[in-house]
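Colleague: Provided herewith is a single structure, encoded as structure tokens, for subsequent inquiry.
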Amino acid sequence: MLGRGARANDVVESVMKKYPIPLACSNCALRDLFLPVGLSRGDMDEIDQLVTTRRSVKRGEVLFHAGDPFASLFAVRSGFFKTQVTAPDGRDQVTGFQMAGELLGLDGIGQQQHHCDAIALEDSQVCEIPYVRLDEVSRKVAVMQQHLHKILSREIVRDQNVMMMLGSMRAEARVAAFLLNLIQRLQARGLSASTILLHMTREEIGSYLGLKLETISRAFSRFHQEGLLKVKQRDIQVLDEAGLHRLLNEKPC
């Protein structure tokens, strides 16, 4: 039986093993995250034709590279990914982390090629959605087109929030904001966020937040000492979520 602190992937994989299902969006355990509400039976019949392939991606494997032609979006069914770009000086810059219930590949829509690498942080599974087919279905199912626009809007807002965080927040507030974002995304999946498994390394978190590894480690140590978190390697127990929120409002010295 799954406990209150179950991870998103644990829930999805448990359902998949217990109830093998056909390749259909209407049967997906994550349909409420991917699809709009209020779809008719006819709409679902159209949408069930979207997913052409379900792919397994091993830890460390690349789903797509920057520069690859854009053809499909990928719905993360289980697992965890990071996206990254290569800076002019050759450094890899992490631009985001994606969990079950989120889409990969939106970066490729505008110029028909991907602008980042998408790399699995653990053994994962994605559903491939050809964009041409998605566009056809969206024209027929108006609510699906509106939903896709909402997803794109959320991505824009998320990027803006990251830019604001990097430009105005001090180091520990950035780390707190990162953790609170993970908590919010887990709660959106109906999961307890009192315990978080960090699928990414502290170095990857630092790359995403624009901070050095040592700074990330010091922030986690402070949070642990002040009773905000209980930290054991990648296992994070959230003890004082309100305290993390208060850090966002602290003024730089």
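FYI, nothing fancy with the structure tokens labels: chains A, B, ... in order, residues from 1 per chain, ligands from 1 as they appear.
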Near range 221-233 of chain A, within 9 Å and counting only C-alpha atoms, which residues show up once chain neighbours fewer than 4 positions away are dropped, as a PyMOL selection string?

Modeller: chain A and resi 172+176+198+216-217+237-244

Colleague: Using only C-alpha atoms, which of A:Thr95, A:Ser40, A:Ser124, A:Ser56 sits nearest Phe80 in chain A?

Modeller: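 Among the listed residues, A:Ser124 lies closest to Phe80 in chain A.
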
Colleague: Quick one: residues within 8 Å of Ala75 in chain A, only C-alpha atoms counted, chain neighbours fewer than 3 positions away excluded, as an mmCIF file with C-alpha atoms, in the first residue's frame?

Modeller:
```cif
data_model
loop_
_atom_site.group_PDB
_atom_site.id
_atom_site.type_symbol
_atom_site.label_atom_id
_atom_site.label_comp_id
_atom_site.auth_asym_id
_atom_site.auth_seq_id
_atom_site.Cartn_x
_atom_site.Cartn_y
_atom_site.Cartn_z
ATOM 1 C CA PHE A 34 -2.669 16.396 -19.648
ATOM 2 C CA ALA A 100 5.356 12.921 -14.649
ATOM 3 C CA GLY A 101 2.370 14.837 -15.951
ATOM 4 C CA GLU A 102 4.374 17.479 -17.847
ATOM 5 C CA LEU A 103 5.304 18.046 -21.491
ATOM 6 C CA LEU A 104 8.692 18.108 -23.171
ATOM 7 C CA VAL A 126 7.165 9.172 -22.367
ATOM 8 C CA CYS A 127 4.222 9.205 -24.748
ATOM 9 C CA GLU A 128 5.099 10.658 -28.155
ATOM 10 C CA ILE A 129 2.514 13.028 -29.633
#
```

Colleague: Would you pick out the contacts of Gly206 in chain A at 10 Å or less, using only C-alpha atoms, so that residues sharing its chain but fewer than 2 positions from it are not included, and give the list as a list in words?

Modeller: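 Within the cut-off, the hits are Gln93, Val94, Ala171, Arg174, Val175, Thr201, Arg202, Glu203, Glu204, Tyr208, Leu209, Gly210, Leu211, Lys212, Leu213, Glu214, Thr215, Ile216 and Ser217 of chain A.
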
Colleague: Assign secondary structure with DSSP using the backbone only, and return the residues of range 1-250 of chain A in strand (DSSP E or B) as an mmCIF file with N, CA and C atoms, in the first residue's frame.

Modeller:
```
data_model
loop_
_atom_site.group_PDB
_atom_site.id
_atom_site.type_symbol
_atom_site.label_atom_id
_atom_site.label_comp_id
_atom_site.auth_asym_id
_atom_site.auth_seq_id
_atom_site.Cartn_x
_atom_site.Cartn_y
_atom_site.Cartn_z
ATOM 1 N N THR A 53 3.347 6.450 -30.010
ATOM 2 C CA THR A 53 4.424 5.618 -29.480
ATOM 3 C C THR A 53 4.610 5.907 -27.995
ATOM 4 N N ARG A 54 4.855 4.875 -27.242
ATOM 5 C CA ARG A 54 5.260 5.029 -25.848
ATOM 6 C C ARG A 54 6.709 4.573 -25.754
ATOM 7 N N ARG A 55 7.583 5.472 -25.315
ATOM 8 C CA ARG A 55 9.018 5.201 -25.338
ATOM 9 C C ARG A 55 9.588 5.129 -23.932
ATOM 10 N N SER A 56 10.482 4.188 -23.737
ATOM 11 C CA SER A 56 11.241 4.102 -22.492
ATOM 12 C C SER A 56 12.583 4.795 -22.701
ATOM 13 N N VAL A 57 12.975 5.602 -21.721
ATOM 14 C CA VAL A 57 14.233 6.344 -21.799
ATOM 15 C C VAL A 57 15.029 6.026 -20.538
ATOM 16 N N VAL A 62 19.405 10.627 -23.773
ATOM 17 C CA VAL A 62 18.885 11.886 -24.302
ATOM 18 C C VAL A 62 17.636 11.607 -25.124
ATOM 19 N N LEU A 63 16.548 12.284 -24.788
ATOM 20 C CA LEU A 63 15.303 12.140 -25.545
ATOM 21 C C LEU A 63 15.409 12.894 -26.858
ATOM 22 N N PHE A 64 15.925 14.105 -26.814
ATOM 23 C CA PHE A 64 16.234 14.855 -28.038
ATOM 24 C C PHE A 64 17.360 15.832 -27.736
ATOM 25 N N PRO A 69 15.487 18.194 -35.494
ATOM 26 C CA PRO A 69 14.219 18.664 -36.062
ATOM 27 C C PRO A 69 13.071 18.398 -35.095
ATOM 28 N N SER A 72 7.536 16.182 -32.616
ATOM 29 C CA SER A 72 6.593 15.692 -31.619
ATOM 30 C C SER A 72 6.775 16.389 -30.281
ATOM 31 N N LEU A 73 5.706 16.383 -29.506
ATOM 32 C CA LEU A 73 5.781 16.680 -28.084
ATOM 33 C C LEU A 73 5.837 15.364 -27.334
ATOM 34 N N PHE A 74 6.348 15.404 -26.114
ATOM 35 C CA PHE A 74 6.486 14.186 -25.313
ATOM 36 C C PHE A 74 5.852 14.415 -23.951
ATOM 37 N N ALA A 75 4.864 13.607 -23.632
ATOM 38 C CA ALA A 75 4.217 13.662 -22.326
ATOM 39 C C ALA A 75 4.950 12.708 -21.391
ATOM 40 N N VAL A 76 5.462 13.235 -20.295
ATOM 41 C CA VAL A 76 6.199 12.397 -19.342
ATOM 42 C C VAL A 76 5.187 11.546 -18.574
ATOM 43 N N ARG A 77 5.244 10.267 -18.793
ATOM 44 C CA ARG A 77 4.312 9.338 -18.134
ATOM 45 C C ARG A 77 4.853 8.886 -16.784
ATOM 46 N N SER A 78 6.149 8.641 -16.724
ATOM 47 C CA SER A 78 6.809 8.326 -15.457
ATOM 48 C C SER A 78 8.263 8.735 -15.571
ATOM 49 N N PHE A 80 11.702 11.320 -14.574
ATOM 50 C CA PHE A 80 12.090 12.706 -14.334
ATOM 51 C C PHE A 80 13.142 13.094 -15.365
ATOM 52 N N PHE A 81 13.039 14.312 -15.899
ATOM 53 C CA PHE A 81 13.969 14.797 -16.919
ATOM 54 C C PHE A 81 14.547 16.151 -16.518
ATOM 55 N N LYS A 82 15.660 16.486 -17.140
ATOM 56 C CA LYS A 82 16.162 17.860 -17.096
ATOM 57 C C LYS A 82 16.339 18.329 -18.528
ATOM 58 N N THR A 83 16.181 19.629 -18.734
ATOM 59 C CA THR A 83 16.531 20.229 -20.014
ATOM 60 C C THR A 83 17.733 21.135 -19.792
ATOM 61 N N GLN A 84 18.604 21.188 -20.778
ATOM 62 C CA GLN A 84 19.800 22.011 -20.644
ATOM 63 C C GLN A 84 20.237 22.538 -22.000
ATOM 64 N N VAL A 85 20.944 23.654 -21.972
ATOM 65 C CA VAL A 85 21.541 24.230 -23.170
ATOM 66 C C VAL A 85 23.038 24.353 -22.926
ATOM 67 N N THR A 86 23.779 24.432 -23.995
ATOM 68 C CA THR A 86 25.230 24.604 -23.894
ATOM 69 C C THR A 86 25.562 26.078 -24.089
ATOM 70 N N ASP A 92 27.346 23.440 -19.622
ATOM 71 C CA ASP A 92 25.950 23.027 -19.722
ATOM 72 C C ASP A 92 25.130 23.783 -18.687
ATOM 73 N N GLN A 93 24.099 24.473 -19.132
ATOM 74 C CA GLN A 93 23.226 25.266 -18.261
ATOM 75 C C GLN A 93 21.870 24.588 -18.179
ATOM 76 N N VAL A 94 21.489 24.155 -16.989
ATOM 77 C CA VAL A 94 20.186 23.522 -16.800
ATOM 78 C C VAL A 94 19.092 24.586 -16.893
ATOM 79 N N THR A 95 18.055 24.299 -17.693
ATOM 80 C CA THR A 95 16.980 25.266 -17.895
ATOM 81 C C THR A 95 15.653 24.814 -17.292
ATOM 82 N N GLY A 96 15.572 23.577 -16.828
ATOM 83 C CA GLY A 96 14.318 23.137 -16.230
ATOM 84 C C GLY A 96 14.354 21.673 -15.833
ATOM 85 N N PHE A 97 13.385 21.296 -15.012
ATOM 86 C CA PHE A 97 13.193 19.908 -14.597
ATOM 87 C C PHE A 97 11.735 19.537 -14.849
ATOM 88 N N GLN A 98 11.499 18.385 -15.449
ATOM 89 C CA GLN A 98 10.157 17.962 -15.813
ATOM 90 C C GLN A 98 9.835 16.621 -15.161
ATOM 91 N N MET A 99 8.653 16.529 -14.568
ATOM 92 C CA MET A 99 8.221 15.310 -13.891
ATOM 93 C C MET A 99 7.010 14.715 -14.601
ATOM 94 N N LEU A 103 4.943 18.199 -20.088
ATOM 95 C CA LEU A 103 5.304 18.046 -21.491
ATOM 96 C C LEU A 103 6.741 18.465 -21.759
ATOM 97 N N LEU A 104 7.371 17.756 -22.661
ATOM 98 C CA LEU A 104 8.692 18.108 -23.171
ATOM 99 C C LEU A 104 8.585 18.389 -24.667
ATOM 100 N N GLN A 113 12.707 23.297 -34.627
ATOM 101 C CA GLN A 113 13.853 22.527 -34.156
ATOM 102 C C GLN A 113 14.017 22.770 -32.663
ATOM 103 N N ASP A 117 18.710 20.206 -24.908
ATOM 104 C CA ASP A 117 18.774 18.754 -24.747
ATOM 105 C C ASP A 117 17.803 18.355 -23.646
ATOM 106 N N ALA A 118 17.120 17.241 -23.821
ATOM 107 C CA ALA A 118 16.252 16.684 -22.778
ATOM 108 C C ALA A 118 16.842 15.346 -22.350
ATOM 109 N N ILE A 119 17.223 15.239 -21.079
ATOM 110 C CA ILE A 119 17.972 14.086 -20.574
ATOM 111 C C ILE A 119 17.225 13.476 -19.394
ATOM 112 N N ALA A 120 17.074 12.157 -19.408
ATOM 113 C CA ALA A 120 16.389 11.459 -18.321
ATOM 114 C C ALA A 120 17.275 11.418 -17.083
ATOM 115 N N SER A 124 12.736 6.381 -17.307
ATOM 116 C CA SER A 124 11.493 7.121 -17.523
ATOM 117 C C SER A 124 10.721 6.548 -18.698
ATOM 118 N N GLN A 125 9.496 7.026 -18.836
ATOM 119 C CA GLN A 125 8.655 6.636 -19.962
ATOM 120 C C GLN A 125 7.900 7.857 -20.450
ATOM 121 N N VAL A 126 7.869 8.039 -21.772
ATOM 122 C CA VAL A 126 7.165 9.172 -22.367
ATOM 123 C C VAL A 126 6.212 8.672 -23.441
ATOM 124 N N CYS A 127 5.149 9.447 -23.652
ATOM 125 C CA CYS A 127 4.222 9.205 -24.748
ATOM 126 C C CYS A 127 4.515 10.237 -25.833
ATOM 127 N N GLU A 128 4.764 9.769 -27.052
ATOM 128 C CA GLU A 128 5.099 10.658 -28.155
ATOM 129 C C GLU A 128 3.826 11.119 -28.856
ATOM 130 N N ILE A 129 3.697 12.432 -29.020
ATOM 131 C CA ILE A 129 2.514 13.028 -29.633
ATOM 132 C C ILE A 129 2.960 13.819 -30.870
ATOM 133 N N PRO A 130 2.811 13.266 -32.071
ATOM 134 C CA PRO A 130 3.190 14.010 -33.276
ATOM 135 C C PRO A 130 2.466 15.356 -33.340
ATOM 136 N N THR A 195 7.418 14.849 1.912
ATOM 137 C CA THR A 195 8.697 14.215 1.646
ATOM 138 C C THR A 195 8.984 14.314 0.158
ATOM 139 N N ILE A 196 10.151 14.837 -0.183
ATOM 140 C CA ILE A 196 10.547 15.038 -1.576
ATOM 141 C C ILE A 196 11.821 14.246 -1.852
ATOM 142 N N LEU A 197 11.814 13.509 -2.947
ATOM 143 C CA LEU A 197 13.037 12.882 -3.428
ATOM 144 C C LEU A 197 13.609 13.759 -4.528
ATOM 145 N N LEU A 229 13.706 21.922 7.189
ATOM 146 C CA LEU A 229 13.787 20.654 6.475
ATOM 147 C C LEU A 229 14.560 19.638 7.305
ATOM 148 N N LYS A 230 14.341 18.383 7.001
ATOM 149 C CA LYS A 230 15.217 17.323 7.462
ATOM 150 C C LYS A 230 15.859 16.740 6.213
ATOM 151 N N VAL A 231 17.158 16.899 6.102
ATOM 152 C CA VAL A 231 17.862 16.560 4.876
ATOM 153 C C VAL A 231 18.709 15.315 5.086
ATOM 154 N N LYS A 232 18.490 14.317 4.244
ATOM 155 C CA LYS A 232 19.311 13.117 4.236
ATOM 156 C C LYS A 232 19.625 12.781 2.798
ATOM 157 N N ASP A 235 16.915 12.791 0.019
ATOM 158 C CA ASP A 235 15.602 12.734 0.656
ATOM 159 C C ASP A 235 15.397 13.984 1.506
ATOM 160 N N ILE A 236 14.339 14.719 1.196
ATOM 161 C CA ILE A 236 14.030 15.968 1.887
ATOM 162 C C ILE A 236 12.677 15.828 2.575
ATOM 163 N N GLN A 237 12.661 15.981 3.889
ATOM 164 C CA GLN A 237 11.398 16.022 4.617
ATOM 165 C C GLN A 237 11.089 17.470 4.942
ATOM 166 N N VAL A 238 9.952 17.951 4.476
ATOM 167 C CA VAL A 238 9.558 19.342 4.685
ATOM 168 C C VAL A 238 8.890 19.459 6.052
#
```

Colleague: So, counting only C-alpha atoms, which residue among A:Met44, A:Val51, A:Ile156, A:Leu180 is closest to Val132 in chain A?

Modeller: A:Val51

Colleague: For Arg133 in chain A, list every protein, DNA or RNA residue within 12 Å, evaluated using only C-alpha atoms, and leave out those in the same chain fewer than 2 positions away; present the list as a list of chain:residue names.

Modeller: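 The filter keeps A:Glu46, A:Ile47, A:Asp48, A:Gln49, A:Leu50, A:Val51, A:Thr52, A:Ala71, A:Ser72, A:Leu73, A:Glu128, A:Ile129, A:Pro130, A:Tyr131, A:Asp135, A:Glu136, A:Val137, A:Ser138, A:Arg139, A:Lys140.
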
Colleague: Taking only range 69-154 of chain A into account, list the residues labelled helix (DSSP H, G or I) by DSSP (computed from the backbone), as a PyMOL selection string.

Modeller: chain A and resi 106-108+131-140+142-154
